[in-house]
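**Q** Sharing work05.tsv (TSV, C-alpha atoms) below.
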```tsv
chain	number	residue	atom	x	y	z
A	1190	MET	CA	-10.70	21.79	-24.57
A	1191	ALA	CA	-11.62	18.29	-23.42
A	1192	PRO	CA	-15.25	17.25	-23.96
A	1193	CYS	CA	-17.11	17.04	-20.65
A	1194	SER	CA	-20.31	15.30	-19.64
A	1195	SER	CA	-22.63	16.96	-17.15
A	1196	ARG	CA	-24.21	13.58	-16.55
A	1197	THR	CA	-21.02	11.86	-15.38
A	1198	GLY	CA	-18.91	14.87	-14.48
A	1199	GLY	CA	-16.03	13.20	-16.30
A	1200	CYS	CA	-13.78	14.75	-18.93
A	1201	LEU	CA	-11.96	12.69	-21.53
A	1202	ASN	CA	-9.21	14.06	-23.72
A	1203	PRO	CA	-8.90	11.79	-26.76
A	1204	ASP	CA	-5.19	12.65	-26.95
A	1205	ARG	CA	-4.54	11.31	-23.45
A	1206	ARG	CA	-3.50	7.77	-24.15
A	1207	SER	CA	-1.62	5.07	-22.27
A	1208	SER	CA	-1.27	1.39	-23.16
A	1209	GLY	CA	-3.33	2.14	-26.25
A	1210	SER	CA	-6.41	3.18	-24.23
A	1211	ARG	CA	-8.05	6.35	-23.03
A	1212	TYR	CA	-7.45	7.22	-19.43
A	1213	ASN	CA	-10.12	6.61	-16.83
A	1214	VAL	CA	-11.13	9.90	-15.23
A	1215	PRO	CA	-13.15	9.73	-11.98
A	1216	PRO	CA	-16.31	11.86	-11.93
A	1217	SER	CA	-15.96	15.22	-10.26
A	1218	ALA	CA	-17.95	16.05	-7.12
A	1219	GLU	CA	-18.75	19.31	-8.89
A	1220	PHE	CA	-21.20	17.31	-10.98
A	1221	VAL	CA	-21.81	13.97	-9.20
A	1222	ALA	CA	-22.56	13.74	-5.48
A	1223	ARG	CA	-19.91	11.87	-3.53
A	1224	VAL	CA	-22.56	9.82	-1.73
A	1225	SER	CA	-23.97	8.46	-4.99
A	1226	GLY	CA	-22.88	5.44	-6.97
A	1227	ILE	CA	-21.08	2.20	-6.19
A	1228	PRO	CA	-18.05	2.93	-3.94
A	1229	THR	CA	-15.08	1.90	-6.03
A	1230	MET	CA	-11.65	3.24	-5.08
A	1231	ALA	CA	-11.62	6.98	-5.87
A	1232	LYS	CA	-14.87	6.41	-7.84
A	1233	LEU	CA	-12.81	4.89	-10.65
A	1234	PRO	CA	-14.38	2.42	-13.07
A	1235	HIS	CA	-14.53	-1.19	-11.97
A	1236	ARG	CA	-12.80	-3.71	-14.21
A	1237	GLU	CA	-12.81	-7.50	-13.95
A	1238	THR	CA	-9.11	-7.88	-14.81
A	1239	ALA	CA	-5.93	-5.83	-15.03
A	1240	ASP	CA	-5.77	-6.19	-18.81
A	1241	GLY	CA	-5.03	-2.84	-20.44
A	1242	LEU	CA	-4.31	-1.11	-17.13
A	1243	ASP	CA	-1.09	0.57	-16.08
A	1244	ALA	CA	-2.05	0.51	-12.38
A	1245	ALA	CA	-4.92	-1.03	-10.46
A	1246	PHE	CA	-6.39	-0.82	-7.00
A	1247	ILE	CA	-7.17	-4.25	-5.57
A	1248	GLY	CA	-8.47	-5.35	-2.17
A	1249	VAL	CA	-7.35	-8.35	-0.13
A	1250	PRO	CA	-9.96	-8.56	2.66
A	1251	ILE	CA	-8.46	-10.84	5.30
A	1252	ASP	CA	-7.63	-10.67	8.99
A	1253	THR	CA	-7.01	-14.41	9.43
A	1254	GLY	CA	-3.36	-13.71	10.19
A	1255	THR	CA	-4.06	-11.10	12.85
A	1256	SER	CA	-2.59	-11.60	16.33
A	1257	ASN	CA	-4.62	-9.03	18.26
A	1258	ARG	CA	-7.71	-7.03	17.24
A	1259	PRO	CA	-9.51	-8.33	14.13
A	1260	GLY	CA	-11.45	-6.33	11.55
A	1261	ALA	CA	-8.91	-5.70	8.79
A	1262	ARG	CA	-11.03	-7.84	6.45
A	1263	PHE	CA	-13.32	-4.82	6.29
A	1264	GLY	CA	-10.44	-2.47	5.46
A	1265	PRO	CA	-10.71	-2.48	1.65
A	1266	ARG	CA	-14.44	-1.81	1.75
A	1267	GLN	CA	-14.15	1.14	4.13
A	1268	ILE	CA	-11.14	2.61	2.33
A	1269	ARG	CA	-13.20	2.62	-0.85
A	1270	VAL	CA	-16.07	4.39	0.88
A	1271	GLU	CA	-13.80	7.10	2.32
A	1272	SER	CA	-11.95	7.49	-1.00
A	1273	ALA	CA	-14.96	9.37	-2.40
A	1274	MET	CA	-13.22	12.49	-1.06
A	1275	LEU	CA	-10.29	12.09	-3.46
A	1276	ARG	CA	-10.01	14.43	-6.43
A	1277	ALA	CA	-8.16	14.11	-9.73
A	1278	TYR	CA	-4.96	16.07	-9.02
A	1279	ASN	CA	-2.41	16.14	-6.21
A	1280	SER	CA	-2.33	19.77	-5.10
A	1281	GLY	CA	0.92	19.30	-3.18
A	1282	THR	CA	3.04	17.70	-5.91
A	1283	ARG	CA	0.94	18.69	-8.95
A	1284	ALA	CA	0.83	15.07	-10.04
A	1285	ALA	CA	-1.83	14.24	-12.62
A	1286	PRO	CA	-2.35	10.49	-12.25
A	1287	TYR	CA	-5.34	10.28	-14.56
A	1288	GLU	CA	-3.44	12.03	-17.34
A	1289	SER	CA	-0.52	9.63	-16.88
A	1290	LEU	CA	-1.77	6.10	-16.32
A	1291	VAL	CA	-4.81	3.98	-17.12
A	1292	VAL	CA	-6.13	3.14	-13.65
A	1293	ALA	CA	-9.16	1.20	-12.41
A	1294	ASP	CA	-10.46	-0.72	-9.40
A	1295	ILE	CA	-10.33	-4.44	-10.11
A	1296	GLY	CA	-12.17	-5.56	-7.00
A	1297	ASP	CA	-10.96	-8.04	-4.39
A	1298	VAL	CA	-9.03	-11.28	-4.35
A	1299	ASN	CA	-11.46	-14.12	-3.64
A	1300	VAL	CA	-9.91	-15.08	-0.32
A	1301	ASN	CA	-10.66	-18.09	1.88
A	1302	VAL	CA	-11.44	-16.64	5.32
A	1303	TYR	CA	-11.29	-20.13	6.85
A	1304	ASP	CA	-7.81	-21.13	5.61
A	1305	LEU	CA	-4.86	-18.72	5.68
A	1306	LYS	CA	-2.52	-20.96	3.68
A	1307	ASP	CA	-5.11	-21.37	0.95
A	1308	THR	CA	-5.68	-17.61	0.98
A	1309	CYS	CA	-1.95	-17.05	0.44
A	1310	LYS	CA	-2.09	-19.38	-2.56
A	1311	ARG	CA	-5.08	-17.49	-3.97
A	1312	ILE	CA	-3.32	-14.14	-3.48
A	1313	ARG	CA	-0.13	-15.37	-5.16
A	1314	GLU	CA	-2.05	-16.70	-8.16
A	1315	ALA	CA	-4.13	-13.52	-8.48
A	1316	TYR	CA	-1.04	-11.30	-8.45
A	1317	ARG	CA	0.76	-13.45	-10.98
A	1318	LYS	CA	-2.06	-12.69	-13.38
A	1319	ILE	CA	-2.06	-8.97	-12.55
A	1320	LEU	CA	1.69	-8.62	-12.96
A	1321	ALA	CA	1.69	-10.61	-16.20
A	1322	THR	CA	-0.30	-7.78	-17.81
A	1323	GLY	CA	2.36	-5.21	-16.88
A	1324	CYS	CA	-0.01	-3.57	-14.39
A	1325	ILE	CA	1.31	-2.15	-11.10
A	1326	PRO	CA	-0.87	-3.29	-8.16
A	1327	LEU	CA	-1.92	-0.85	-5.43
A	1328	THR	CA	-3.26	-3.09	-2.70
A	1329	MET	CA	-5.75	-2.36	0.07
A	1330	GLY	CA	-5.41	-4.75	3.01
A	1331	GLY	CA	-6.24	-6.82	4.87
A	1332	ASP	CA	-3.64	-7.76	7.46
A	1333	HIS	CA	0.08	-7.70	6.70
A	1334	THR	CA	0.25	-11.42	5.95
A	1335	ILE	CA	-0.72	-10.48	2.40
A	1336	ALA	CA	2.68	-8.92	1.69
A	1337	TYR	CA	4.27	-12.39	1.64
A	1338	PRO	CA	2.30	-13.97	-1.24
A	1339	ILE	CA	2.23	-10.65	-3.12
A	1340	LEU	CA	6.04	-10.45	-2.94
A	1341	GLN	CA	6.29	-14.07	-4.07
A	1342	ALA	CA	4.50	-13.05	-7.27
A	1343	VAL	CA	6.43	-9.78	-7.59
A	1344	ALA	CA	9.81	-11.53	-7.24
A	1345	GLU	CA	8.82	-14.15	-9.82
A	1346	LYS	CA	8.47	-11.32	-12.32
A	1347	HIS	CA	11.16	-8.87	-11.23
A	1348	GLY	CA	13.64	-10.91	-9.20
A	1349	PRO	CA	14.61	-9.88	-5.65
A	1350	VAL	CA	13.24	-6.41	-4.97
A	1351	GLY	CA	14.09	-3.52	-2.71
A	1352	LEU	CA	11.57	-2.83	0.04
A	1353	VAL	CA	10.42	0.38	1.72
A	1354	HIS	CA	8.57	-0.97	4.75
A	1355	VAL	CA	6.72	1.57	6.93
A	1356	ASP	CA	5.43	-0.01	10.13
A	1357	ALA	CA	5.40	-0.01	13.91
A	1358	HIS	CA	6.59	-3.62	13.77
A	1359	ALA	CA	9.38	-5.38	11.89
A	1360	ASP	CA	7.15	-8.36	10.98
A	1361	THR	CA	10.17	-10.65	10.97
A	1362	SER	CA	9.10	-13.19	13.60
A	1363	ASP	CA	9.87	-16.80	12.82
A	1364	VAL	CA	7.11	-18.80	14.53
A	1365	VAL	CA	4.09	-17.46	16.41
A	1366	LEU	CA	1.93	-19.97	18.30
A	1367	GLY	CA	3.49	-22.71	16.19
A	1368	GLU	CA	2.62	-21.03	12.87
A	1369	LYS	CA	5.08	-19.66	10.33
A	1370	ILE	CA	2.52	-17.64	8.37
A	1371	GLY	CA	0.81	-14.66	9.97
A	1372	HIS	CA	0.94	-10.90	9.98
A	1373	GLY	CA	4.05	-10.87	12.18
A	1374	THR	CA	6.14	-13.12	9.92
A	1375	PRO	CA	5.90	-12.04	6.24
A	1376	PHE	CA	9.32	-10.48	5.80
A	1377	ARG	CA	11.14	-13.36	7.52
A	1378	ARG	CA	9.52	-15.69	4.97
A	1379	CYS	CA	10.44	-13.31	2.15
A	1380	VAL	CA	14.11	-13.31	3.17
A	1381	GLU	CA	14.17	-17.10	3.47
A	1382	GLU	CA	12.82	-17.43	-0.08
A	1383	GLY	CA	15.18	-14.85	-1.58
A	1384	LEU	CA	12.40	-12.45	-2.53
A	1385	LEU	CA	14.16	-9.34	-1.19
A	1386	ASP	CA	17.42	-7.62	-2.10
A	1387	CYS	CA	18.39	-7.26	1.54
A	1388	GLN	CA	20.89	-4.45	0.93
A	1389	ARG	CA	17.96	-2.43	-0.43
A	1390	VAL	CA	15.50	-2.84	2.44
A	1391	VAL	CA	14.58	-0.04	4.85
A	1392	GLN	CA	12.14	-0.33	7.76
A	1393	ILE	CA	10.80	3.00	9.04
A	1394	GLY	CA	8.87	3.81	12.22
A	1395	LEU	CA	9.61	0.66	14.26
A	1396	ARG	CA	8.77	0.97	17.93
A	1397	GLY	CA	7.04	-0.50	20.97
A	1398	SER	CA	7.93	-3.06	23.60
A	1399	GLY	CA	9.59	-6.29	22.53
A	1400	TYR	CA	10.46	-9.84	23.45
A	1401	SER	CA	14.17	-9.00	23.70
A	1402	ALA	CA	16.32	-5.94	24.34
A	1403	ASP	CA	16.92	-5.51	20.60
A	1404	SER	CA	13.84	-6.50	18.66
A	1405	TYR	CA	15.45	-5.53	15.35
A	1406	GLU	CA	18.74	-7.42	15.59
A	1407	TRP	CA	17.63	-9.99	13.00
A	1408	SER	CA	16.69	-7.26	10.52
A	1409	ARG	CA	20.09	-5.61	10.85
A	1410	GLU	CA	21.85	-8.96	10.47
A	1411	GLN	CA	20.17	-9.38	7.08
A	1412	GLY	CA	21.45	-5.99	5.94
A	1413	PHE	CA	18.22	-4.03	6.41
A	1414	ARG	CA	18.40	-0.38	7.34
A	1415	VAL	CA	16.32	0.00	10.50
A	1416	VAL	CA	14.95	3.45	11.30
A	1417	GLN	CA	13.35	3.32	14.73
A	1418	VAL	CA	10.69	5.86	15.47
A	1419	GLU	CA	12.91	7.77	17.89
A	1420	GLU	CA	14.99	8.78	14.86
A	1421	CYS	CA	11.85	10.29	13.30
A	1422	TRP	CA	10.48	12.33	16.19
A	1423	PHE	CA	10.19	16.11	15.76
A	1424	LYS	CA	11.66	16.25	12.26
A	1425	SER	CA	10.93	16.16	8.56
A	1426	LEU	CA	11.65	12.80	6.91
A	1427	ALA	CA	12.58	14.36	3.56
A	1428	PRO	CA	16.34	14.04	4.31
A	1429	LEU	CA	15.88	10.39	5.26
A	1430	MET	CA	14.07	9.68	2.02
A	1431	SER	CA	16.89	11.26	0.03
A	1432	GLU	CA	19.16	8.65	1.57
A	1433	VAL	CA	16.60	5.91	0.92
A	1434	ARG	CA	16.41	6.83	-2.77
A	1435	ALA	CA	20.17	6.53	-3.03
A	1436	GLN	CA	20.04	3.15	-1.29
A	1437	MET	CA	17.30	1.82	-3.59
A	1438	GLY	CA	18.98	2.91	-6.82
A	1439	SER	CA	17.34	2.03	-10.13
A	1440	GLY	CA	16.26	-1.52	-9.26
A	1441	PRO	CA	12.66	-2.62	-8.64
A	1442	VAL	CA	11.17	-1.51	-5.33
A	1443	TYR	CA	8.05	-2.54	-3.41
A	1444	LEU	CA	6.40	-0.16	-0.90
A	1445	SER	CA	4.54	-1.70	2.04
A	1446	PHE	CA	2.80	0.68	4.45
A	1447	ASP	CA	1.15	-0.58	7.62
A	1448	ILE	CA	-1.29	2.03	8.91
A	1449	ASP	CA	-0.09	1.31	12.45
A	1450	ALA	CA	3.14	3.10	11.54
A	1451	LEU	CA	1.10	6.21	12.30
A	1452	ASP	CA	0.43	7.15	15.90
A	1453	PRO	CA	-2.92	5.74	17.08
A	1454	GLY	CA	-3.99	9.27	17.91
A	1455	PHE	CA	-4.19	9.74	14.12
A	1456	ALA	CA	-5.06	6.18	13.07
A	1457	PRO	CA	-6.76	4.26	15.91
A	1458	GLY	CA	-8.51	1.82	13.58
A	1459	THR	CA	-5.86	-0.88	13.47
A	1460	GLY	CA	-5.19	-4.23	15.10
A	1461	THR	CA	-1.88	-3.71	16.92
A	1462	PRO	CA	-1.53	-0.03	17.85
A	1463	GLU	CA	1.66	1.38	19.35
A	1464	ILE	CA	1.94	4.86	20.86
A	1465	ALA	CA	4.44	7.57	19.85
A	1466	GLY	CA	4.25	6.85	16.15
A	1467	LEU	CA	4.67	8.78	12.92
A	1468	THR	CA	2.39	11.65	11.96
A	1469	PRO	CA	0.32	11.64	8.76
A	1470	ILE	CA	2.62	14.41	7.49
A	1471	GLN	CA	5.62	12.12	7.91
A	1472	GLY	CA	3.72	9.30	6.21
A	1473	VAL	CA	3.09	11.54	3.21
A	1474	GLU	CA	6.75	12.62	3.22
A	1475	ILE	CA	7.84	8.98	3.04
A	1476	ILE	CA	5.59	8.21	0.10
A	1477	ARG	CA	6.40	11.41	-1.79
A	1478	GLY	CA	10.05	10.62	-1.10
A	1479	CYS	CA	9.63	7.47	-3.21
A	1480	ARG	CA	9.17	9.61	-6.33
A	1481	GLY	CA	11.71	8.51	-8.93
A	1482	LEU	CA	12.00	4.96	-7.64
A	1483	ASN	CA	11.18	2.01	-9.87
A	1484	LEU	CA	8.08	1.08	-7.90
A	1485	VAL	CA	6.59	-2.23	-9.03
A	1486	GLY	CA	3.87	-2.50	-6.37
A	1487	CYS	CA	2.52	-0.88	-3.21
A	1488	ASP	CA	0.21	-1.82	-0.36
A	1489	LEU	CA	-1.60	-0.12	2.52
A	1490	VAL	CA	-2.56	-2.65	5.17
A	1491	GLU	CA	-4.07	-3.21	8.63
A	1492	VAL	CA	-6.96	-0.74	8.51
A	1493	SER	CA	-9.55	-2.14	10.94
A	1494	PRO	CA	-12.72	-0.02	10.65
A	1495	PRO	CA	-14.51	-1.40	13.73
A	1496	TYR	CA	-11.93	0.34	15.95
A	1497	ASP	CA	-12.48	3.76	14.38
A	1498	PRO	CA	-16.16	4.66	13.96
A	1499	THR	CA	-15.16	8.13	12.70
A	1500	GLY	CA	-13.75	6.61	9.51
A	1501	ASN	CA	-10.60	8.72	9.83
A	1502	THR	CA	-8.20	5.76	9.70
A	1503	ALA	CA	-9.71	4.54	6.43
A	1504	LEU	CA	-9.77	8.11	5.10
A	1505	THR	CA	-6.07	8.41	5.90
A	1506	GLY	CA	-5.43	5.08	4.20
A	1507	ALA	CA	-7.29	6.19	1.07
A	1508	ASN	CA	-5.21	9.36	0.87
A	1509	LEU	CA	-1.95	7.47	1.36
A	1510	LEU	CA	-2.92	5.11	-1.48
A	1511	PHE	CA	-3.60	8.13	-3.69
A	1512	GLU	CA	-0.14	9.45	-2.79
A	1513	MET	CA	1.30	6.07	-3.83
A	1514	LEU	CA	-0.46	6.30	-7.18
A	1515	CYS	CA	1.03	9.78	-7.63
A	1516	VAL	CA	4.65	8.57	-7.35
A	1517	LEU	CA	4.45	5.64	-9.75
A	1518	PRO	CA	6.79	5.64	-12.76
A	1519	LYS	CA	5.72	7.68	-15.81
A	1520	MET	CA	3.76	10.13	-13.69
A	1521	LYS	CA	3.06	13.53	-15.22
A	1522	TYR	CA	3.56	16.61	-13.03
A	1523	TYR	CA	2.40	20.14	-13.81
```
Could you quickly redo this structure as structure tokens?

**A**
Amino acid sequence: MAPCSSRTGGCLNPDRRSSGSRYNVPPSAEFVARVSGIPTMAKLPHRETADGLDAAFIGVPIDTGTSNRPGARFGPRQIRVESAMLRAYNSGTRAAPYESLVVADIGDVNVNVYDLKDTCKRIREAYRKILATGCIPLTMGGDHTIAYPILQAVAEKHGPVGLVHVDAHADTSDVVLGEKIGHGTPFRRCVEEGLLDCQRVVQIGLRGSGYSADSYEWSREQGFRVVQVEECWFKSLAPLMSEVRAQMGSGPVYLSFDIDALDPGFAPGTGTPEIAGLTPIQGVEIIRGCRGLNLVGCDLVEVSPPYDPTGNTALTGANLLFEMLCVLPKMKYY
């Protein structure tokens, strides 16, 4: 039986090893009050770098690229606070992330809240260092601008990647108010720079009013599969994800999940809400449907705590990030 500490509530099995290190096991609320301690993601240890880690949670606290309601710069902090509810095992899938991977919270990118272009440079450089260690980043946003510099770093390491993009918006605008970088443009920039394998891109949950009759024509022209929200209403998305897995194949895949993909009745704390969205159940189905893919990075973006004083949006985001952790490669399932 694994030795346990009543002081920390943690249990370490010396035989549980990954990357030559013991696994990090969050303290259990059976022994340590959730409201105590420094609020790292899932109450994991904090590490300064990704060295020796298989996966890491990292925050990118910006909303400089936001076009509507601000506040996403506070997203990573609130997600961490709400993540105190997370436990060690996934009861639905029986995934055991802390028996599979060495995971920690490595803090936030030191962003420049006054200069979006400089922030993108800082993000790109930070992720180059993370990826160089072999660590898979699980990112807490921050507005969706961050996907662009992250994917620049990811593609430098892995080449053009497949993309599972869950969002109310396609984020493929060219220029907004004269600017080419913002939260509505990241995937247009990624295509232009050859960062995506366009035949392995799917966008799920797109909806809302638009500036033309077909807001997603450009996406389809690139070869993206576009799944508008009307195709998702009143049904399980497990069959869709079976098709997505076949489309993605064995190549590297990045998962980018904008919390506004969910209906604002479930996740009101976001900058650009659109009605008639996905349910949290469908969000979980999408992420669990990524099991078996060669995931090389994931993000959960656009949580804006000031617009949800209940904390439910951040709580949902924390749980979706945990689900992402539970579908990474080399995951152990009971």

**Q** May I ask for the distance between atom CA of A:Val1442 and atom CA of A:Glu1491, given in Å to one decimal place?

**A**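 Separating atom CA of A:Val1442 from atom CA of A:Glu1491 is a distance of 20.7 Å.
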
**Q** For each of A:Gln1267, A:Thr1238, A:Ser1404, A:Thr1253, take the minimum atom-to-atom distance to A:Ala1315, counting all atoms listed in the file, then give the residue where this is smallest.

**A** A:Thr1238

**Q** Which residues are near A:Pro1498? Cut-off 12 Å, all atoms listed in the file, ignore same chain within fewer than 6 positions. Put them as a list in words.

**A**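 That gives Gln1267, Ala1456, Pro1457, Gly1458, Thr1459, Val1492 and Leu1504 of chain A.
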
**Q** Please provide as a VMD selection string all residues within 8 Å of A:Leu1290, with the sequence filter that same-chain residues fewer than 6 positions apart are discarded (counting only C-alpha atoms).

**A** chain A and resid 1207 1212 1242 to 1244 1519 to 1520

**Q** In terms of the shortest atom-to-atom distance over all atoms listed in the file, which of A:Glu1463, A:Ala1503, A:Arg1389, A:Val1292 is closest to A:Glu1432?

**A**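 Among the listed residues, the smallest separation from A:Glu1432 belongs to A:Arg1389.
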
**Q** Within 9 Å of A:Tyr1522, counting all atoms listed in the file, which residues show up once you throw out same-chain ones fewer than 2 positions away? Write them as a compact mmCIF listing (two decimals) with C-alpha atoms, in the coordinates of the input, please.

**A**
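As written to disk, selection_2.txt reads:
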```
# COMPACT_ATOMS: atom_id res chain seq x y z
CA THR A 1282 3.04 17.70 -5.91
CA ARG A 1283 0.94 18.69 -8.95
CA ALA A 1284 0.83 15.07 -10.04
CA ALA A 1285 -1.83 14.24 -12.62
CA PRO A 1286 -2.35 10.49 -12.25
CA SER A 1289 -0.52 9.63 -16.88
CA MET A 1520 3.76 10.13 -13.69
```

**Q** Of the candidates A:Tyr1278, A:Phe1246, A:Tyr1303, A:Tyr1496, which shows the shortest atom-to-atom distance to A:Thr1328, using all atoms listed in the file?

**A** A:Phe1246

**Q** Just give me the gap between atom CA of A:Ser1398 and atom CA of A:Thr1361 in Å, one decimal is fine.

**A**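 Between these atoms lies a distance of 14.9 Å.
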
**Q** A:Ser1408, A:Asn1213, A:Gln1388, A:Ser1439: which is nearest A:Glu1288, counting all atoms listed in the file?

**A**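 Between A:Ser1408, A:Asn1213, A:Gln1388, A:Ser1439, the residue approaching A:Glu1288 most closely is A:Asn1213.
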
**Q** Near A:Leu1327, within 9 Å and counting all atoms listed in the file, which residues show up once chain neighbours fewer than 5 positions away are dropped, as a list in words?

**A**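 With the cut-off at 9 Å, the set is Ala1244, Ala1245, Phe1246, Ile1247, Gly1248, Gly1486, Cys1487, Asp1488, Leu1489, Leu1510, Met1513 and Leu1514 of chain A.
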
**Q** Write a file of the selected residues as an mmCIF file, keeping the file's coordinate frame, keeping C-alpha atoms.

**A**
```
data_model
loop_
_atom_site.group_PDB
_atom_site.id
_atom_site.type_symbol
_atom_site.label_atom_id
_atom_site.label_comp_id
_atom_site.auth_asym_id
_atom_site.auth_seq_id
_atom_site.Cartn_x
_atom_site.Cartn_y
_atom_site.Cartn_z
ATOM 1 C CA ALA A 1244 -2.050 0.510 -12.380
ATOM 2 C CA ALA A 1245 -4.920 -1.030 -10.460
ATOM 3 C CA PHE A 1246 -6.390 -0.820 -7.000
ATOM 4 C CA ILE A 1247 -7.170 -4.250 -5.570
ATOM 5 C CA GLY A 1248 -8.470 -5.350 -2.170
ATOM 6 C CA GLY A 1486 3.870 -2.500 -6.370
ATOM 7 C CA CYS A 1487 2.520 -0.880 -3.210
ATOM 8 C CA ASP A 1488 0.210 -1.820 -0.360
ATOM 9 C CA LEU A 1489 -1.600 -0.120 2.520
ATOM 10 C CA LEU A 1510 -2.920 5.110 -1.480
ATOM 11 C CA MET A 1513 1.300 6.070 -3.830
ATOM 12 C CA LEU A 1514 -0.460 6.300 -7.180
#
```

**Q** In Å to one decimal, how far is atom CA of A:Phe1423 from atom CA of A:Ser1401?

**A**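 Those two atoms sit 26.6 Å apart.
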
**Q** For each of A:Gly1397, A:Pro1215, A:Pro1349, A:Gly1481, take the minimum atom-to-atom distance to A:Ala1277, counting all atoms listed in the file, then give the residue where this is smallest.

**A**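 Of A:Gly1397, A:Pro1215, A:Pro1349, A:Gly1481, the one nearest A:Ala1277, counting all atoms listed in the file, is A:Pro1215.
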
**Q** Report as a ChimeraX atom specification all protein, DNA and RNA residues lying within 12 Å of A:Lys1369, evaluated on all atoms listed in the file, omitting residues in the same chain fewer than 2 positions from it.

**A** /A:1254,1305-1306,1334,1337,1360-1367,1371-1379,1381

**Q** Could you write out the selected residues, including C-alpha atoms, as a PDB file, in the frame of the given file?

**A**
```pdb
ATOM      1  CA  GLY A1254      -3.360 -13.710  10.190  1.00  0.00           C
ATOM      2  CA  LEU A1305      -4.860 -18.720   5.680  1.00  0.00           C
ATOM      3  CA  LYS A1306      -2.520 -20.960   3.680  1.00  0.00           C
ATOM      4  CA  THR A1334       0.250 -11.420   5.950  1.00  0.00           C
ATOM      5  CA  TYR A1337       4.270 -12.390   1.640  1.00  0.00           C
ATOM      6  CA  ASP A1360       7.150  -8.360  10.980  1.00  0.00           C
ATOM      7  CA  THR A1361      10.170 -10.650  10.970  1.00  0.00           C
ATOM      8  CA  SER A1362       9.100 -13.190  13.600  1.00  0.00           C
ATOM      9  CA  ASP A1363       9.870 -16.800  12.820  1.00  0.00           C
ATOM     10  CA  VAL A1364       7.110 -18.800  14.530  1.00  0.00           C
ATOM     11  CA  VAL A1365       4.090 -17.460  16.410  1.00  0.00           C
ATOM     12  CA  LEU A1366       1.930 -19.970  18.300  1.00  0.00           C
ATOM     13  CA  GLY A1367       3.490 -22.710  16.190  1.00  0.00           C
ATOM     14  CA  GLY A1371       0.810 -14.660   9.970  1.00  0.00           C
ATOM     15  CA  HIS A1372       0.940 -10.900   9.980  1.00  0.00           C
ATOM     16  CA  GLY A1373       4.050 -10.870  12.180  1.00  0.00           C
ATOM     17  CA  THR A1374       6.140 -13.120   9.920  1.00  0.00           C
ATOM     18  CA  PRO A1375       5.900 -12.040   6.240  1.00  0.00           C
ATOM     19  CA  PHE A1376       9.320 -10.480   5.800  1.00  0.00           C
ATOM     20  CA  ARG A1377      11.140 -13.360   7.520  1.00  0.00           C
ATOM     21  CA  ARG A1378       9.520 -15.690   4.970  1.00  0.00           C
ATOM     22  CA  CYS A1379      10.440 -13.310   2.150  1.00  0.00           C
ATOM     23  CA  GLU A1381      14.170 -17.100   3.470  1.00  0.00           C
TER      24      GLU A1381
END
```

**Q** Hey, which of A:Ile1448, A:Val1214, A:Met1437, A:Ile1312 ends up closest to A:Asn1501? Count only C-alpha atoms.

**A**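 Using only C-alpha atoms, the shortest distance to A:Asn1501 belongs to A:Ile1448.
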
**Q** At a cut-off of 12 Å around the point (-21.8, 4.6, -4.7) (file coordinates), what residues fall inside when counting only C-alpha atoms? I'd like the answer as a PyMOL selection string.

**A** chain A and resi 1216+1221-1235+1266+1269-1273

**Q** Got a minute to add N, CA, C and O atoms to stretch 1460-1467 of chain A and dump it as an mmCIF file, in the frame of the given file?

**A**
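Listed below is the output, result.cif:
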```cif
data_model
loop_
_atom_site.group_PDB
_atom_site.id
_atom_site.type_symbol
_atom_site.label_atom_id
_atom_site.label_comp_id
_atom_site.auth_asym_id
_atom_site.auth_seq_id
_atom_site.Cartn_x
_atom_site.Cartn_y
_atom_site.Cartn_z
ATOM 1 N N GLY A 1460 -5.150 -3.071 14.208
ATOM 2 C CA GLY A 1460 -5.190 -4.230 15.100
ATOM 3 C C GLY A 1460 -4.153 -4.244 16.194
ATOM 4 O O GLY A 1460 -4.383 -4.786 17.268
ATOM 5 N N THR A 1461 -2.971 -3.639 15.948
ATOM 6 C CA THR A 1461 -1.880 -3.710 16.920
ATOM 7 C C THR A 1461 -1.274 -2.324 17.099
ATOM 8 O O THR A 1461 -0.160 -2.052 16.667
ATOM 9 N N PRO A 1462 -1.999 -1.406 17.740
ATOM 10 C CA PRO A 1462 -1.530 -0.030 17.850
ATOM 11 C C PRO A 1462 -0.367 0.114 18.821
ATOM 12 O O PRO A 1462 -0.276 -0.605 19.807
ATOM 13 N N GLU A 1463 0.521 1.046 18.488
ATOM 14 C CA GLU A 1463 1.660 1.380 19.350
ATOM 15 C C GLU A 1463 1.738 2.898 19.464
ATOM 16 O O GLU A 1463 1.666 3.602 18.451
ATOM 17 N N ILE A 1464 1.902 3.409 20.680
ATOM 18 C CA ILE A 1464 1.940 4.860 20.860
ATOM 19 C C ILE A 1464 3.229 5.458 20.304
ATOM 20 O O ILE A 1464 4.182 4.746 19.994
ATOM 21 N N ALA A 1465 3.250 6.794 20.208
ATOM 22 C CA ALA A 1465 4.440 7.570 19.850
ATOM 23 C C ALA A 1465 4.893 7.290 18.419
ATOM 24 O O ALA A 1465 6.097 7.202 18.141
ATOM 25 N N GLY A 1466 3.926 7.185 17.515
ATOM 26 C CA GLY A 1466 4.250 6.850 16.150
ATOM 27 C C GLY A 1466 4.439 8.051 15.237
ATOM 28 O O GLY A 1466 4.526 9.202 15.669
ATOM 29 N N LEU A 1467 4.503 7.754 13.943
ATOM 30 C CA LEU A 1467 4.670 8.780 12.920
ATOM 31 C C LEU A 1467 3.401 9.620 12.807
ATOM 32 O O LEU A 1467 2.314 9.194 13.182
#
```
